[in-house]
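**Q** Okay, here's the structure, questions in a sec.
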Amino acid sequence: MSPTAPTSPTPPTAAVSPGVPGQAAPASRPSALDFSRTTATAARALRQLRHDPRTIALMILVPCVMLVLLRYVFDGSPRTFDSIGASLLGIFPLITMFLVTSIATLRERTSGTLERLLAMPLGKGDLIAGYALAFGALAIIQSALATGLAVWLLGLDVTGSPWLLLLVALLDALLGTALGLFVSAFAASEFQAVQFMPAVIFPQLLLCGLFTPRSDMHPVLEAISDVLPMSYAVDAMNEVLKHTDMTATFVRDALIVAGSALLVLGLGAATLRRRTP
Amino acid sequence: MPLSPPAVRAEGLTVVRGTRSVLHGLDFTVPRGQITGLLGPSGCGKSTLMRATVGTQAKVSGTLEVLGLPAGDAALRSRIGYVTQAPSVYDDLTVRQNLGYFAAILDPGRAASERRHADVTRVIDDVDLASHADSLAGNLSGGQRSRVSLAVALLGTPELLVLDEPTVGLDPVLRRDLWNLFHAIAEQRGTTLLISSHVMDEAERCHRLLLMREGGILADDTPDALRERTGADTVEAAFLHLVDEAAEAAHRPATTTTTAPRNPAAPELPAPDSPVPSPEPPATGTDPRPAGAHPREETAR
């Protein structure tokens with residue numbers, strides 16, 4: 001006809017298959033936390049990792065190798081191995097999850113998938129809980145292997161239940177995930193994200209009582225260590241090491257770690273913005 | 001639906017990025033069920049306008065209604081499909097896994113899993129990637145990855161598709177196929193499409209055009225009306241004509257000042273880095289576009 005008609009010869013290749021029958025247009029407002037969307041996000045994060053077996057191997061094996069190394073470094077003083085080994089069982093999951101989460105979230109931000117997801121009916125809580133679930137599952141595997149190796153093969157002498165060690169390790173992993181998520185908001189590149197590791201983790205590592213009891217430190221440092229969550233992670237591990245049953249101190253320490261993790265997760269959620277400049 | 005509001009309605013739409021105003025008080029509407037082309041040179045604010053429409057742009061003022069709701073309303077999130085300029089998919093997932101995940105966000109739950117599977121297969125066919133469905137997105141070529149990104153936006157039954165330069169960098173055959181797909185989507189599903197491009201020859205394929213320049217709307221019309229009004233042979237020539245006309249209009253009252261703003265759309269902003277196009281419009285008899293990309297020879301209806 002007239003040249004006015006927009007061109008659309010519509011050859012058979014371009015025929016649109018009719019929409020899937022029964023497809024409801026879900027126009028409902030997304031709730032704060034949607035179970036299916038959360039698990040879908042967790043499954044997706046794990047699927048991404050599955051295409052990267054080297055990362056999984058490093059995450060799982062490095063803590064085990066470090067523990068073996070430590071066991072023979074302290075070959076002459078098994079008491080020292082007990083104390084440092086137990087502390088490290090809490091610190092490894094924190095560091096690994098911090099690194100993995102900060103890089104994964106940074107990628108999500110820079111690749112545009114975060115913008116796309118937030119323009120879709122996905123709650124911020126779904127995304128964060130999805131990541132926490134996926135990396136938490138990995139943390140369980142990592143901590144179970146490391147704890148089992150330390151207790152049964154390397155002769156780590158724990159008075160309390162190894163299950164409590166595992167519980168603390170999991171809370172630490174959650175804390176690491178939370179810190180990583182939060183920090184990724186301030187990193188513009190993967191270089192920066194990795195540099196946040198020494199900035200955020202190392203001070204805690206020095207002050208958490210791993211090298212010397214916190215009570216022996218300069219009072220100022222001791223006061224600082226009192227407000228750093230990793231101190232309580234290490235304290236909790238040492239409680240399990242020395243006492244047969246769950247002490248009040250253990251419960252307090254575990255609650256502080258869990259509470260800080262939730263607090264930082266909340267801060268992290270606040271850094272996910274649907275509208276960006 | 002004769003009484004339904006337009007797909008997009010903007011009044012005094014202004015967007016500020018940093019301290020700079022990127023869109024200056026735009027008024028326009030995008031009618032439903034049609035393809036509206038958003039055309040203009042790079043950096044004129046097309047992407048910002050699109051981000052404002054889908055609700056991911058901060059510092060938006062004025063009125064901006066999308067499908068009758070304020071832009072960015074939570075209820076719109078499953079009714080709009082959006083494709084960013086850079087493909088936004090997970091490189092370490094396969095094409096099918098990428099689409100499966102986004103489908104699970106749009107239509108969650110175990111009960112919907114069969115429907116999702118059918119939907120994913122449909123959009124993979126729509127963008128002609130069936131042979132690459134199980135390849136990692138990161139291993140695909142640039143054009144293939146942008147088609148995966150487009151496929152994500154086709155999931156579900158979006159009422160409005162906002163596509164930011166979906167055909168950039170694609171070969172002519174693929175470009176033609178995608179435009180045919182866009183028309184098929186508009187005609188068979190009544191979907192509204194807002195498609196940006198900086199390639200003027202794609203303008204002829206749109207039902208309506210919004211011509212943009214430096215944060216303002218230069219024209220809002222059908223391609224034919226534009227050509228008729230300006231006496232130009234192509235939309236590109238019409239665009240240049242409008243730019244010149246506006247520049248002249250801006251110069252005339254300001255002959256006494258040497259720093260007359262050249263940009264009619266943004267008189268408050270000098271645009272030192274954007275040279276005024278040459279005053280002489282392309283000869284109206286000759287078509288500057290490459291022959292292979294000429295869309296009008298396909299006009300069969």
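We name chains A, B, ... following the order of the structure tokens; residues begin at 1 in each chain, and ligands are numbered from 1 as shown.
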For chain B, report every residue with an atom at most 7 Å from chain A (counting only C-alpha atoms), formatted as a PyMOL selection string.
**A** chain B and resi 17+54-58+74-75+77-78+88-89+92-93+101+104-106+108-109+119+122+126+157+177+180-181+183-185+204-207+224+295-296+298-301
**Q** Determine, counting only C-alpha atoms, which protein, DNA and RNA residues have an atom within 10 Å of an atom of A:Ala150; residues of the same chain fewer than 2 positions away are not included. Present the result as a PDB file with N, CA, C and O atoms, in the first residue's frame.
**A**
```pdb
ATOM      1  N   CYS A  64      41.225 -26.806  54.693  1.00  0.00           N
ATOM      2  CA  CYS A  64      41.723 -28.109  55.147  1.00  0.00           C
ATOM      3  C   CYS A  64      43.249 -28.147  55.085  1.00  0.00           C
ATOM      4  O   CYS A  64      43.919 -28.589  56.023  1.00  0.00           O
ATOM      5  N   LEU A  67      44.776 -26.161  57.853  1.00  0.00           N
ATOM      6  CA  LEU A  67      44.707 -26.828  59.153  1.00  0.00           C
ATOM      7  C   LEU A  67      45.799 -27.887  59.275  1.00  0.00           C
ATOM      8  O   LEU A  67      46.445 -28.015  60.325  1.00  0.00           O
ATOM      9  N   VAL A  68      46.001 -28.653  58.199  1.00  0.00           N
ATOM     10  CA  VAL A  68      47.052 -29.673  58.212  1.00  0.00           C
ATOM     11  C   VAL A  68      48.406 -28.999  58.441  1.00  0.00           C
ATOM     12  O   VAL A  68      49.217 -29.421  59.277  1.00  0.00           O
ATOM     13  N   ARG A  71      48.741 -27.872  62.002  1.00  0.00           N
ATOM     14  CA  ARG A  71      48.941 -29.019  62.910  1.00  0.00           C
ATOM     15  C   ARG A  71      50.428 -29.351  63.024  1.00  0.00           C
ATOM     16  O   ARG A  71      50.942 -29.615  64.114  1.00  0.00           O
ATOM     17  N   PHE A  81      47.943 -25.774  69.116  1.00  0.00           N
ATOM     18  CA  PHE A  81      47.157 -26.146  67.933  1.00  0.00           C
ATOM     19  C   PHE A  81      45.663 -26.177  68.279  1.00  0.00           C
ATOM     20  O   PHE A  81      44.833 -25.728  67.498  1.00  0.00           O
ATOM     21  N   ASP A  82      45.339 -26.706  69.466  1.00  0.00           N
ATOM     22  CA  ASP A  82      43.931 -26.752  69.876  1.00  0.00           C
ATOM     23  C   ASP A  82      43.308 -25.368  69.838  1.00  0.00           C
ATOM     24  O   ASP A  82      42.231 -25.162  69.249  1.00  0.00           O
ATOM     25  N   GLY A  85      43.706 -23.697  66.215  1.00  0.00           N
ATOM     26  CA  GLY A  85      42.916 -24.474  65.254  1.00  0.00           C
ATOM     27  C   GLY A  85      41.428 -24.202  65.426  1.00  0.00           C
ATOM     28  O   GLY A  85      40.708 -23.947  64.437  1.00  0.00           O
ATOM     29  N   ALA A  86      40.963 -24.208  66.672  1.00  0.00           N
ATOM     30  CA  ALA A  86      39.535 -23.967  66.907  1.00  0.00           C
ATOM     31  C   ALA A  86      39.150 -22.570  66.443  1.00  0.00           C
ATOM     32  O   ALA A  86      38.108 -22.378  65.800  1.00  0.00           O
ATOM     33  N   LEU A  89      38.846 -22.433  62.716  1.00  0.00           N
ATOM     34  CA  LEU A  89      37.632 -23.067  62.191  1.00  0.00           C
ATOM     35  C   LEU A  89      36.498 -22.050  62.097  1.00  0.00           C
ATOM     36  O   LEU A  89      35.593 -22.193  61.281  1.00  0.00           O
ATOM     37  N   ALA A 144      32.048 -28.389  57.729  1.00  0.00           N
ATOM     38  CA  ALA A 144      31.942 -29.785  58.149  1.00  0.00           C
ATOM     39  C   ALA A 144      33.229 -30.530  57.824  1.00  0.00           C
ATOM     40  O   ALA A 144      33.755 -31.288  58.655  1.00  0.00           O
ATOM     41  N   LEU A 145      33.750 -30.298  56.618  1.00  0.00           N
ATOM     42  CA  LEU A 145      34.998 -30.971  56.232  1.00  0.00           C
ATOM     43  C   LEU A 145      36.150 -30.536  57.127  1.00  0.00           C
ATOM     44  O   LEU A 145      36.917 -31.372  57.636  1.00  0.00           O
ATOM     45  N   ALA A 146      36.278 -29.231  57.328  1.00  0.00           N
ATOM     46  CA  ALA A 146      37.400 -28.718  58.117  1.00  0.00           C
ATOM     47  C   ALA A 146      37.293 -29.177  59.568  1.00  0.00           C
ATOM     48  O   ALA A 146      38.291 -29.612  60.163  1.00  0.00           O
ATOM     49  N   THR A 147      36.071 -29.108  60.132  1.00  0.00           N
ATOM     50  CA  THR A 147      35.896 -29.525  61.523  1.00  0.00           C
ATOM     51  C   THR A 147      36.175 -31.024  61.668  1.00  0.00           C
ATOM     52  O   THR A 147      36.887 -31.453  62.588  1.00  0.00           O
ATOM     53  N   GLY A 148      35.621 -31.816  60.763  1.00  0.00           N
ATOM     54  CA  GLY A 148      35.828 -33.265  60.820  1.00  0.00           C
ATOM     55  C   GLY A 148      37.305 -33.599  60.730  1.00  0.00           C
ATOM     56  O   GLY A 148      37.842 -34.401  61.518  1.00  0.00           O
ATOM     57  N   TRP A 152      38.945 -35.339  63.998  1.00  0.00           N
ATOM     58  CA  TRP A 152      39.180 -36.783  63.916  1.00  0.00           C
ATOM     59  C   TRP A 152      40.543 -37.176  63.360  1.00  0.00           C
ATOM     60  O   TRP A 152      41.098 -38.172  63.725  1.00  0.00           O
ATOM     61  N   LEU A 153      41.068 -36.368  62.447  1.00  0.00           N
ATOM     62  CA  LEU A 153      42.344 -36.787  61.857  1.00  0.00           C
ATOM     63  C   LEU A 153      43.541 -36.045  62.452  1.00  0.00           C
ATOM     64  O   LEU A 153      44.617 -36.601  62.595  1.00  0.00           O
ATOM     65  N   LEU A 154      43.344 -34.770  62.799  1.00  0.00           N
ATOM     66  CA  LEU A 154      44.486 -33.991  63.268  1.00  0.00           C
ATOM     67  C   LEU A 154      44.547 -33.928  64.789  1.00  0.00           C
ATOM     68  O   LEU A 154      45.423 -33.281  65.354  1.00  0.00           O
ATOM     69  N   GLY A 155      43.587 -34.593  65.461  1.00  0.00           N
ATOM     70  CA  GLY A 155      43.628 -34.675  66.920  1.00  0.00           C
ATOM     71  C   GLY A 155      43.363 -33.363  67.623  1.00  0.00           C
ATOM     72  O   GLY A 155      43.897 -33.128  68.712  1.00  0.00           O
ATOM     73  N   LEU A 156      42.530 -32.503  67.034  1.00  0.00           N
ATOM     74  CA  LEU A 156      42.141 -31.284  67.741  1.00  0.00           C
ATOM     75  C   LEU A 156      41.300 -31.704  68.949  1.00  0.00           C
ATOM     76  O   LEU A 156      40.313 -32.407  68.802  1.00  0.00           O
ATOM     77  N   ASP A 157      41.711 -31.241  70.119  1.00  0.00           N
ATOM     78  CA  ASP A 157      41.100 -31.716  71.359  1.00  0.00           C
ATOM     79  C   ASP A 157      40.004 -30.766  71.809  1.00  0.00           C
ATOM     80  O   ASP A 157      40.276 -29.747  72.419  1.00  0.00           O
ATOM     81  N   VAL A 158      38.741 -31.083  71.481  1.00  0.00           N
ATOM     82  CA  VAL A 158      37.633 -30.219  71.907  1.00  0.00           C
ATOM     83  C   VAL A 158      36.908 -30.873  73.068  1.00  0.00           C
ATOM     84  O   VAL A 158      36.552 -32.048  72.996  1.00  0.00           O
TER      85      VAL A 158
END
```
**Q** May I have the residues within 8 Å of stretch 250-261 of chain A as a count of residues only, using only C-alpha atoms and disregarding those fewer than 2 positions away in the same chain?
**A** 22
**Q** Please identify all polymer residues within 10 Å of B:Thr63, counting only C-alpha atoms, omitting same-chain residues fewer than 6 positions from it, and present them as an MDAnalysis selection string.
**A** chainID B and resid 9:14 25:27 70:71
**Q** As number ranges by chain, please: the residues near A:Thr271 (cut-off 7 Å, only C-alpha atoms, same-chain neighbours under 3 positions excluded).
**A** A: 185, 267-268
**Q** Those residues with N, CA and C atoms, as a compact mmCIF listing (two decimals), in the first residue's frame please?
**A**
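Writing the result to again.txt gives the following:
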```
# COMPACT_ATOMS: atom_id res chain seq x y z
N ALA A 185 29.16 -2.63 47.94
CA ALA A 185 28.51 -1.39 47.51
C ALA A 185 29.53 -0.26 47.39
N LEU A 267 22.12 -3.48 56.59
CA LEU A 267 22.86 -2.37 55.98
C LEU A 267 23.12 -2.67 54.51
N GLY A 268 23.47 -3.94 54.23
CA GLY A 268 23.74 -4.34 52.84
C GLY A 268 22.50 -4.17 51.99
```
**Q** Within 8 Å of B:Gly190, counting only C-alpha atoms, which residues qualify if same-chain residues fewer than 2 places away don't, as a list in words?
**A**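 With the cut-off at 8 Å, the set is Arg32, Gly33, Gln34, Glu159, Ile185, Ala186, Glu187, Gln188 and Thr192 of chain B.
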**Q** Run DSSP on the backbone and give me the residues of stretch 65-123 of chain A it puts in alpha helix (DSSP H), as number ranges by chain.
**A** A: 65-73, 78-110, 113-118
**Q** With N, CA and C atoms retained, write the just-selected residues as a CSV table (one decimal), in the first residue's frame.
**A**
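File selection19.csv, as written:
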```csv
chain,number,residue,atom,x,y,z
A,65,VAL,N,43.8,-27.7,54.0
A,65,VAL,CA,45.2,-27.7,53.8
A,65,VAL,C,45.9,-26.8,54.9
A,66,MET,N,45.3,-25.6,55.2
A,66,MET,CA,45.8,-24.7,56.2
A,66,MET,C,45.8,-25.4,57.6
A,67,LEU,N,44.8,-26.2,57.9
A,67,LEU,CA,44.7,-26.8,59.2
A,67,LEU,C,45.8,-27.9,59.3
A,68,VAL,N,46.0,-28.7,58.2
A,68,VAL,CA,47.1,-29.7,58.2
A,68,VAL,C,48.4,-29.0,58.4
A,69,LEU,N,48.6,-27.9,57.7
A,69,LEU,CA,49.9,-27.1,57.8
A,69,LEU,C,50.1,-26.7,59.3
A,70,LEU,N,49.0,-26.1,59.9
A,70,LEU,CA,49.1,-25.6,61.2
A,70,LEU,C,49.4,-26.7,62.2
A,71,ARG,N,48.7,-27.9,62.0
A,71,ARG,CA,48.9,-29.0,62.9
A,71,ARG,C,50.4,-29.4,63.0
A,72,TYR,N,51.1,-29.3,61.9
A,72,TYR,CA,52.5,-29.7,61.9
A,72,TYR,C,53.5,-28.5,62.2
A,73,VAL,N,53.0,-27.3,62.0
A,73,VAL,CA,53.7,-26.1,62.5
A,73,VAL,C,53.8,-26.2,64.0
A,78,PRO,N,50.8,-29.3,71.1
A,78,PRO,CA,49.4,-29.6,70.6
A,78,PRO,C,48.4,-28.7,71.3
A,79,ARG,N,48.7,-28.2,72.5
A,79,ARG,CA,47.8,-27.2,73.2
A,79,ARG,C,47.6,-26.0,72.3
A,80,THR,N,48.7,-25.5,71.8
A,80,THR,CA,48.6,-24.3,70.9
A,80,THR,C,47.7,-24.6,69.7
A,81,PHE,N,47.9,-25.8,69.1
A,81,PHE,CA,47.2,-26.1,67.9
A,81,PHE,C,45.7,-26.2,68.3
A,82,ASP,N,45.3,-26.7,69.5
A,82,ASP,CA,43.9,-26.8,69.9
A,82,ASP,C,43.3,-25.4,69.8
A,83,SER,N,44.0,-24.4,70.5
A,83,SER,CA,43.4,-23.1,70.6
A,83,SER,C,43.4,-22.4,69.2
A,84,ILE,N,44.5,-22.4,68.5
A,84,ILE,CA,44.5,-21.7,67.2
A,84,ILE,C,43.6,-22.4,66.2
A,85,GLY,N,43.7,-23.7,66.2
A,85,GLY,CA,42.9,-24.5,65.3
A,85,GLY,C,41.4,-24.2,65.4
A,86,ALA,N,41.0,-24.2,66.7
A,86,ALA,CA,39.5,-24.0,66.9
A,86,ALA,C,39.1,-22.6,66.4
A,87,SER,N,40.0,-21.6,66.7
A,87,SER,CA,39.7,-20.2,66.3
A,87,SER,C,39.6,-20.1,64.8
A,88,LEU,N,40.6,-20.8,64.1
A,88,LEU,CA,40.6,-20.7,62.7
A,88,LEU,C,39.4,-21.4,62.0
A,89,LEU,N,38.8,-22.4,62.7
A,89,LEU,CA,37.6,-23.1,62.2
A,89,LEU,C,36.5,-22.0,62.1
A,90,GLY,N,36.6,-21.0,62.9
A,90,GLY,CA,35.5,-20.0,62.9
A,90,GLY,C,35.9,-18.9,61.9
A,91,ILE,N,37.2,-18.7,61.7
A,91,ILE,CA,37.6,-17.6,60.8
A,91,ILE,C,37.6,-17.9,59.3
A,92,PHE,N,38.0,-19.1,59.0
A,92,PHE,CA,38.0,-19.5,57.6
A,92,PHE,C,36.7,-19.3,56.9
A,93,PRO,N,35.5,-19.7,57.4
A,93,PRO,CA,34.3,-19.5,56.7
A,93,PRO,C,34.0,-18.0,56.5
A,94,LEU,N,34.4,-17.2,57.5
A,94,LEU,CA,34.1,-15.8,57.5
A,94,LEU,C,34.9,-15.2,56.3
A,95,ILE,N,36.1,-15.5,56.2
A,95,ILE,CA,37.0,-14.9,55.1
A,95,ILE,C,36.5,-15.4,53.7
A,96,THR,N,36.3,-16.7,53.6
A,96,THR,CA,35.9,-17.2,52.3
A,96,THR,C,34.6,-16.6,51.8
A,97,MET,N,33.6,-16.6,52.7
A,97,MET,CA,32.3,-16.1,52.3
A,97,MET,C,32.3,-14.6,52.1
A,98,PHE,N,33.2,-13.9,52.8
A,98,PHE,CA,33.4,-12.5,52.5
A,98,PHE,C,33.8,-12.2,51.1
A,99,LEU,N,34.9,-13.0,50.7
A,99,LEU,CA,35.4,-12.8,49.4
A,99,LEU,C,34.4,-13.2,48.3
A,100,VAL,N,33.8,-14.4,48.5
A,100,VAL,CA,32.9,-14.8,47.4
A,100,VAL,C,31.7,-13.9,47.3
A,101,THR,N,31.2,-13.5,48.4
A,101,THR,CA,30.0,-12.6,48.3
A,101,THR,C,30.3,-11.3,47.7
A,102,SER,N,31.5,-10.7,48.2
A,102,SER,CA,31.7,-9.3,47.7
A,102,SER,C,32.0,-9.3,46.2
A,103,ILE,N,32.7,-10.3,45.7
A,103,ILE,CA,32.9,-10.4,44.2
A,103,ILE,C,31.6,-10.7,43.5
A,104,ALA,N,30.8,-11.7,44.0
A,104,ALA,CA,29.6,-12.1,43.3
A,104,ALA,C,28.6,-10.9,43.2
A,105,THR,N,28.5,-10.1,44.3
A,105,THR,CA,27.5,-9.0,44.3
A,105,THR,C,28.1,-7.9,43.5
A,106,LEU,N,29.4,-7.7,43.5
A,106,LEU,CA,30.0,-6.6,42.7
A,106,LEU,C,29.7,-6.9,41.2
A,107,ARG,N,29.9,-8.2,40.8
A,107,ARG,CA,29.6,-8.6,39.4
A,107,ARG,C,28.2,-8.3,39.1
A,108,GLU,N,27.3,-8.7,40.0
A,108,GLU,CA,25.9,-8.5,39.8
A,108,GLU,C,25.6,-7.0,39.5
A,109,ARG,N,26.3,-6.1,40.3
A,109,ARG,CA,26.1,-4.7,40.1
A,109,ARG,C,26.7,-4.2,38.8
A,110,THR,N,27.9,-4.7,38.4
A,110,THR,CA,28.5,-4.1,37.2
A,110,THR,C,28.0,-4.7,35.9
A,113,THR,N,22.9,-7.0,35.7
A,113,THR,CA,21.9,-8.0,36.1
A,113,THR,C,21.1,-7.5,37.4
A,114,LEU,N,21.8,-6.8,38.2
A,114,LEU,CA,21.2,-6.3,39.4
A,114,LEU,C,20.1,-5.3,39.0
A,115,GLU,N,20.4,-4.4,38.1
A,115,GLU,CA,19.4,-3.4,37.7
A,115,GLU,C,18.2,-4.1,37.1
A,116,ARG,N,18.5,-5.1,36.2
A,116,ARG,CA,17.4,-5.9,35.6
A,116,ARG,C,16.6,-6.6,36.7
A,117,LEU,N,17.2,-7.2,37.6
A,117,LEU,CA,16.5,-7.9,38.7
A,117,LEU,C,15.6,-7.0,39.5
A,118,LEU,N,16.2,-5.8,39.8
A,118,LEU,CA,15.4,-4.9,40.6
A,118,LEU,C,14.3,-4.2,39.8
```
**Q** From a DSSP pass on the backbone, collect the residues of stretch 154-218 of chain B flagged as strand (DSSP E or B) and hand them back as a PyMOL selection string.
**A** chain B and resi 160-164+192-197+208-213+216-218
**Q** Once you have the residues from the selection above, write them out as a PDB file, in the first residue's frame, restricted to N, CA and C atoms.
**A**
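Produced file part_12.pdb, reproduced below:
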```pdb
ATOM      1  N   LEU B 160       4.424  -3.730  28.055  1.00  0.00           N
ATOM      2  CA  LEU B 160       5.289  -2.689  27.503  1.00  0.00           C
ATOM      3  C   LEU B 160       6.706  -3.249  27.439  1.00  0.00           C
ATOM      4  N   LEU B 161       7.302  -3.139  26.246  1.00  0.00           N
ATOM      5  CA  LEU B 161       8.694  -3.556  26.097  1.00  0.00           C
ATOM      6  C   LEU B 161       9.535  -2.304  25.890  1.00  0.00           C
ATOM      7  N   VAL B 162      10.527  -2.137  26.732  1.00  0.00           N
ATOM      8  CA  VAL B 162      11.427  -0.993  26.615  1.00  0.00           C
ATOM      9  C   VAL B 162      12.782  -1.539  26.188  1.00  0.00           C
ATOM     10  N   LEU B 163      13.165  -1.269  24.950  1.00  0.00           N
ATOM     11  CA  LEU B 163      14.372  -1.886  24.403  1.00  0.00           C
ATOM     12  C   LEU B 163      15.383  -0.798  24.054  1.00  0.00           C
ATOM     13  N   ASP B 164      16.511  -0.818  24.728  1.00  0.00           N
ATOM     14  CA  ASP B 164      17.535   0.200  24.517  1.00  0.00           C
ATOM     15  C   ASP B 164      18.534  -0.313  23.475  1.00  0.00           C
ATOM     16  N   THR B 192       3.006  -2.854  23.564  1.00  0.00           N
ATOM     17  CA  THR B 192       3.592  -1.569  23.205  1.00  0.00           C
ATOM     18  C   THR B 192       5.103  -1.707  23.220  1.00  0.00           C
ATOM     19  N   LEU B 193       5.773  -1.195  22.214  1.00  0.00           N
ATOM     20  CA  LEU B 193       7.230  -1.262  22.202  1.00  0.00           C
ATOM     21  C   LEU B 193       7.813   0.149  22.133  1.00  0.00           C
ATOM     22  N   LEU B 194       8.750   0.403  22.996  1.00  0.00           N
ATOM     23  CA  LEU B 194       9.498   1.655  22.952  1.00  0.00           C
ATOM     24  C   LEU B 194      10.941   1.258  22.669  1.00  0.00           C
ATOM     25  N   ILE B 195      11.408   1.596  21.472  1.00  0.00           N
ATOM     26  CA  ILE B 195      12.701   1.092  21.016  1.00  0.00           C
ATOM     27  C   ILE B 195      13.607   2.269  20.696  1.00  0.00           C
ATOM     28  N   SER B 196      14.785   2.282  21.273  1.00  0.00           N
ATOM     29  CA  SER B 196      15.690   3.382  20.960  1.00  0.00           C
ATOM     30  C   SER B 196      16.707   2.934  19.920  1.00  0.00           C
ATOM     31  N   SER B 197      17.186   3.890  19.185  1.00  0.00           N
ATOM     32  CA  SER B 197      18.206   3.601  18.191  1.00  0.00           C
ATOM     33  C   SER B 197      18.888   4.905  17.843  1.00  0.00           C
ATOM     34  N   ARG B 208       5.517   5.241  15.221  1.00  0.00           N
ATOM     35  CA  ARG B 208       5.646   6.635  15.655  1.00  0.00           C
ATOM     36  C   ARG B 208       7.097   6.897  16.024  1.00  0.00           C
ATOM     37  N   LEU B 209       7.463   8.154  16.006  1.00  0.00           N
ATOM     38  CA  LEU B 209       8.838   8.504  16.347  1.00  0.00           C
ATOM     39  C   LEU B 209       8.878   9.610  17.388  1.00  0.00           C
ATOM     40  N   LEU B 210       9.800   9.457  18.298  1.00  0.00           N
ATOM     41  CA  LEU B 210      10.153  10.569  19.172  1.00  0.00           C
ATOM     42  C   LEU B 210      11.584  10.914  18.793  1.00  0.00           C
ATOM     43  N   LEU B 211      11.782  12.062  18.187  1.00  0.00           N
ATOM     44  CA  LEU B 211      13.143  12.469  17.833  1.00  0.00           C
ATOM     45  C   LEU B 211      13.697  13.299  18.985  1.00  0.00           C
ATOM     46  N   MET B 212      14.853  12.876  19.458  1.00  0.00           N
ATOM     47  CA  MET B 212      15.444  13.581  20.604  1.00  0.00           C
ATOM     48  C   MET B 212      16.753  14.220  20.217  1.00  0.00           C
ATOM     49  N   ARG B 213      17.053  15.310  20.908  1.00  0.00           N
ATOM     50  CA  ARG B 213      18.364  15.924  20.752  1.00  0.00           C
ATOM     51  C   ARG B 213      18.678  16.699  22.014  1.00  0.00           C
ATOM     52  N   GLY B 216      16.028  17.075  24.823  1.00  0.00           N
ATOM     53  CA  GLY B 216      14.712  17.602  24.486  1.00  0.00           C
ATOM     54  C   GLY B 216      14.085  16.773  23.383  1.00  0.00           C
ATOM     55  N   ILE B 217      12.770  16.934  23.216  1.00  0.00           N
ATOM     56  CA  ILE B 217      12.082  16.231  22.127  1.00  0.00           C
ATOM     57  C   ILE B 217      11.971  17.190  20.960  1.00  0.00           C
ATOM     58  N   LEU B 218      12.505  16.766  19.830  1.00  0.00           N
ATOM     59  CA  LEU B 218      12.527  17.614  18.636  1.00  0.00           C
ATOM     60  C   LEU B 218      11.234  17.422  17.862  1.00  0.00           C
TER      61      LEU B 218
END
```
**Q** Distance atom CA of B:Arg96-atom CA of A:Ala132, one decimal place?
**A**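 Rounded to one decimal, the two atoms are 24.0 Å apart.
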**Q** Can you tell me, as a list of chain:residue names, what residues are no more than 12 Å from B:Thr121 when counting only C-alpha atoms, ignoring any on the same chain fewer than 5 positions away?
**A** A:Ser17, A:Gly19, A:Val20, B:Val95, B:Arg96, B:Gln97, B:Leu99, B:Gly100, B:Ala103, B:Glu114, B:Arg115, B:Arg116, B:Asp126, B:Val127, B:Asp128, B:Leu129, B:Ala130, B:Ser131, B:His132, B:Ala133, B:Asp134, B:Ala151, B:Val152, B:Leu154, B:Leu155, B:Gly156
**Q** Using only C-alpha atoms for the distances, tell me which of A:Ala129, A:Val220, A:Ile60, A:Ala169 is nearest to A:Ile141.
**A**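 Smallest separation from A:Ile141 among the options: A:Ile60.
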**Q** Please report the interatomic distance between atom CA of A:Phe202 and atom CA of A:Ala137 in Å with one decimal.
**A**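 The value is 24.9 Å.
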